[in-house]
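Undergrad: Got a structure for you, questions after.
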Amino acid sequence: MPPLRAVRCFKGYIVNGCRFHTKNRERQKKTQNSGVFLTAETSSFASARDSNPMTDNVGYYVVLNNVMELQHVGGNRIVLFKCDWWEVMNRGGRGIKQDEYGFTCVNFT
């Protein structure tokens with residue numbers, strides 16, 4: 001069934017008991033919960049001539065910008081998260097470092 005024409009937008013959303021806020025909602029807050037870390041299994045090639053893809057787990061940091069909910073005629077809902085993504089692989093120390101406690105720090109600028 002096609003979705004209805006109305007789309008609902010949210011500044012926060014709860015998924016599986018975890019609360020997420022958009023970056024804009026947290027602008028004036030002391031605590032932040034718009035950042036997410038995830039690991040995705042990714043296939044990649046060493047070069048354009050390589051025909052054997054390598055599969056590996058790649059970490060990403062995500063900042064949530066917007067949450068949209070599409071409602072279908074039958075009552076089903078689809079929730080979309082609009083995010084900015086940063087790959088965690090440290091390539092030359094640009095923007096990513098680990099502090100003395102083992103936490104990864106990401107410079108999003």
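By order of appearance in the structure tokens: chains A, B, ..., then residues from 1 within every chain, and ligands from 1 in the order shown.
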Give me, as JSON, numbers by chain, the residues of chain A that a backbone DSSP run labels strand (DSSP E).
TA: {"A": [3, 4, 5, 6, 7, 8, 9, 10, 12, 13, 14, 15, 18, 19, 20, 21, 35, 36, 37, 38, 39, 40, 41, 42, 43, 44, 54, 55, 56, 57, 58, 59, 60, 61, 62, 63, 64, 65, 66, 67, 68, 69, 70, 71, 72, 77, 78, 79, 80, 81, 82, 83, 84, 85, 86, 87, 96, 97, 98, 104, 105, 106]}
Undergrad: Which residues are close to segment 20-27 of chain A, i.e. within 9 Å by only C-alpha atoms, leaving aside same-chain residues fewer than 5 positions away? Reply as JSON, numbers by chain.
TA: {"A": [10, 11, 12, 13, 14, 15, 32, 33, 34, 35, 36, 63, 64, 65, 66, 67]}
Undergrad: Those residues with N, CA, C and O atoms, as a PDB file, in the first residue's frame please?
TA:
ATOM      1  N   PHE A  10      10.051  14.702  13.932  1.00  0.00           N
ATOM      2  CA  PHE A  10      10.277  14.692  15.365  1.00  0.00           C
ATOM      3  C   PHE A  10      11.652  15.246  15.692  1.00  0.00           C
ATOM      4  O   PHE A  10      12.585  15.105  14.900  1.00  0.00           O
ATOM      5  N   LYS A  11      11.784  15.845  16.885  1.00  0.00           N
ATOM      6  CA  LYS A  11      13.085  16.298  17.388  1.00  0.00           C
ATOM      7  C   LYS A  11      13.734  15.225  18.241  1.00  0.00           C
ATOM      8  O   LYS A  11      14.889  15.341  18.626  1.00  0.00           O
ATOM      9  N   GLY A  12      12.993  14.164  18.523  1.00  0.00           N
ATOM     10  CA  GLY A  12      13.501  13.033  19.290  1.00  0.00           C
ATOM     11  C   GLY A  12      12.650  11.822  18.999  1.00  0.00           C
ATOM     12  O   GLY A  12      11.529  11.935  18.487  1.00  0.00           O
ATOM     13  N   TYR A  13      13.185  10.634  19.312  1.00  0.00           N
ATOM     14  CA  TYR A  13      12.456   9.405  19.033  1.00  0.00           C
ATOM     15  C   TYR A  13      12.998   8.315  19.948  1.00  0.00           C
ATOM     16  O   TYR A  13      14.192   8.298  20.262  1.00  0.00           O
ATOM     17  N   ILE A  14      12.130   7.395  20.357  1.00  0.00           N
ATOM     18  CA  ILE A  14      12.547   6.270  21.198  1.00  0.00           C
ATOM     19  C   ILE A  14      12.450   5.000  20.371  1.00  0.00           C
ATOM     20  O   ILE A  14      11.399   4.696  19.792  1.00  0.00           O
ATOM     21  N   VAL A  15      13.567   4.255  20.293  1.00  0.00           N
ATOM     22  CA  VAL A  15      13.627   2.998  19.556  1.00  0.00           C
ATOM     23  C   VAL A  15      14.164   1.928  20.501  1.00  0.00           C
ATOM     24  O   VAL A  15      15.255   2.093  21.070  1.00  0.00           O
ATOM     25  N   GLN A  32      24.098  15.477  25.772  1.00  0.00           N
ATOM     26  CA  GLN A  32      23.833  15.219  24.360  1.00  0.00           C
ATOM     27  C   GLN A  32      23.529  13.743  24.148  1.00  0.00           C
ATOM     28  O   GLN A  32      24.146  12.885  24.771  1.00  0.00           O
ATOM     29  N   ASN A  33      22.581  13.477  23.245  1.00  0.00           N
ATOM     30  CA  ASN A  33      22.236  12.114  22.896  1.00  0.00           C
ATOM     31  C   ASN A  33      21.893  12.015  21.417  1.00  0.00           C
ATOM     32  O   ASN A  33      21.059  11.235  21.020  1.00  0.00           O
ATOM     33  N   SER A  34      22.523  12.849  20.603  1.00  0.00           N
ATOM     34  CA  SER A  34      22.272  12.802  19.167  1.00  0.00           C
ATOM     35  C   SER A  34      23.341  11.989  18.442  1.00  0.00           C
ATOM     36  O   SER A  34      23.219  11.723  17.265  1.00  0.00           O
ATOM     37  N   GLY A  35      24.383  11.591  19.145  1.00  0.00           N
ATOM     38  CA  GLY A  35      25.455  10.818  18.538  1.00  0.00           C
ATOM     39  C   GLY A  35      25.239   9.329  18.718  1.00  0.00           C
ATOM     40  O   GLY A  35      24.763   8.866  19.749  1.00  0.00           O
ATOM     41  N   VAL A  36      25.560   8.583  17.675  1.00  0.00           N
ATOM     42  CA  VAL A  36      25.393   7.131  17.684  1.00  0.00           C
ATOM     43  C   VAL A  36      26.650   6.514  17.095  1.00  0.00           C
ATOM     44  O   VAL A  36      27.259   7.073  16.181  1.00  0.00           O
ATOM     45  N   VAL A  63      25.617  11.487  13.634  1.00  0.00           N
ATOM     46  CA  VAL A  63      24.915  12.554  14.340  1.00  0.00           C
ATOM     47  C   VAL A  63      23.538  12.686  13.700  1.00  0.00           C
ATOM     48  O   VAL A  63      23.413  12.866  12.487  1.00  0.00           O
ATOM     49  N   LEU A  64      22.503  12.577  14.527  1.00  0.00           N
ATOM     50  CA  LEU A  64      21.123  12.590  14.064  1.00  0.00           C
ATOM     51  C   LEU A  64      20.658  14.020  13.789  1.00  0.00           C
ATOM     52  O   LEU A  64      20.719  14.882  14.657  1.00  0.00           O
ATOM     53  N   ASN A  65      20.198  14.266  12.552  1.00  0.00           N
ATOM     54  CA  ASN A  65      19.743  15.597  12.152  1.00  0.00           C
ATOM     55  C   ASN A  65      18.227  15.737  12.122  1.00  0.00           C
ATOM     56  O   ASN A  65      17.696  16.794  12.416  1.00  0.00           O
ATOM     57  N   ASN A  66      17.517  14.670  11.741  1.00  0.00           N
ATOM     58  CA  ASN A  66      16.074  14.753  11.598  1.00  0.00           C
ATOM     59  C   ASN A  66      15.483  13.353  11.708  1.00  0.00           C
ATOM     60  O   ASN A  66      16.124  12.378  11.330  1.00  0.00           O
ATOM     61  N   VAL A  67      14.249  13.275  12.216  1.00  0.00           N
ATOM     62  CA  VAL A  67      13.510  12.018  12.290  1.00  0.00           C
ATOM     63  C   VAL A  67      12.171  12.254  11.604  1.00  0.00           C
ATOM     64  O   VAL A  67      11.451  13.193  11.934  1.00  0.00           O
TER      65      VAL A  67
END
Undergrad: Rounded to one decimal in Å, what is the spacing between atom CA of Gly59 of chain A and atom CA of Ala46 of chain A?
TA: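 Computing it gives 18.2 Å between the two atoms.
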Undergrad: In Å, how far is it from atom CA of Arg5 of chain A to atom CA of Val73 of chain A?
TA: 9.9 Å
Undergrad: Report as JSON lines: every residue of segment 3-87 of chain A with an atom at most 12 Å from segment 94-105 of chain A, its closest pair of atoms, and their distance in Å to one decimal, counting only C-alpha atoms, with rows sorted by chain and ascending residue number.
TA:
{"residue": "A:Gly35", "atom": "CA", "partner": "A:Cys105", "partner_atom": "CA", "distance": 11.8}
{"residue": "A:Phe37", "atom": "CA", "partner": "A:Thr104", "partner_atom": "CA", "distance": 10.5}
{"residue": "A:Gly59", "atom": "CA", "partner": "A:Thr104", "partner_atom": "CA", "distance": 11.3}
{"residue": "A:Tyr60", "atom": "CA", "partner": "A:Thr104", "partner_atom": "CA", "distance": 11.4}
{"residue": "A:Tyr61", "atom": "CA", "partner": "A:Thr104", "partner_atom": "CA", "distance": 10.0}
{"residue": "A:Trp86", "atom": "CA", "partner": "A:Ile96", "partner_atom": "CA", "distance": 9.8}
{"residue": "A:Glu87", "atom": "CA", "partner": "A:Ile96", "partner_atom": "CA", "distance": 9.6}
Undergrad: Could you check the closest approach to Met68 of chain A for each of A:Pro53, A:Gly17, A:Cys83, A:Lys30 and tell me which residue wins, using only C-alpha atoms?
TA: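 Looking only at the distances to Met68 of chain A, the closest residue turns out to be A:Cys83.
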Undergrad: How far is it from atom CA of Asp56 of chain A to atom CA of Ser44 of chain A, in Å with one decimal?
TA: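 Separation between atom CA of Asp56 of chain A and atom CA of Ser44 of chain A: 8.2 Å.
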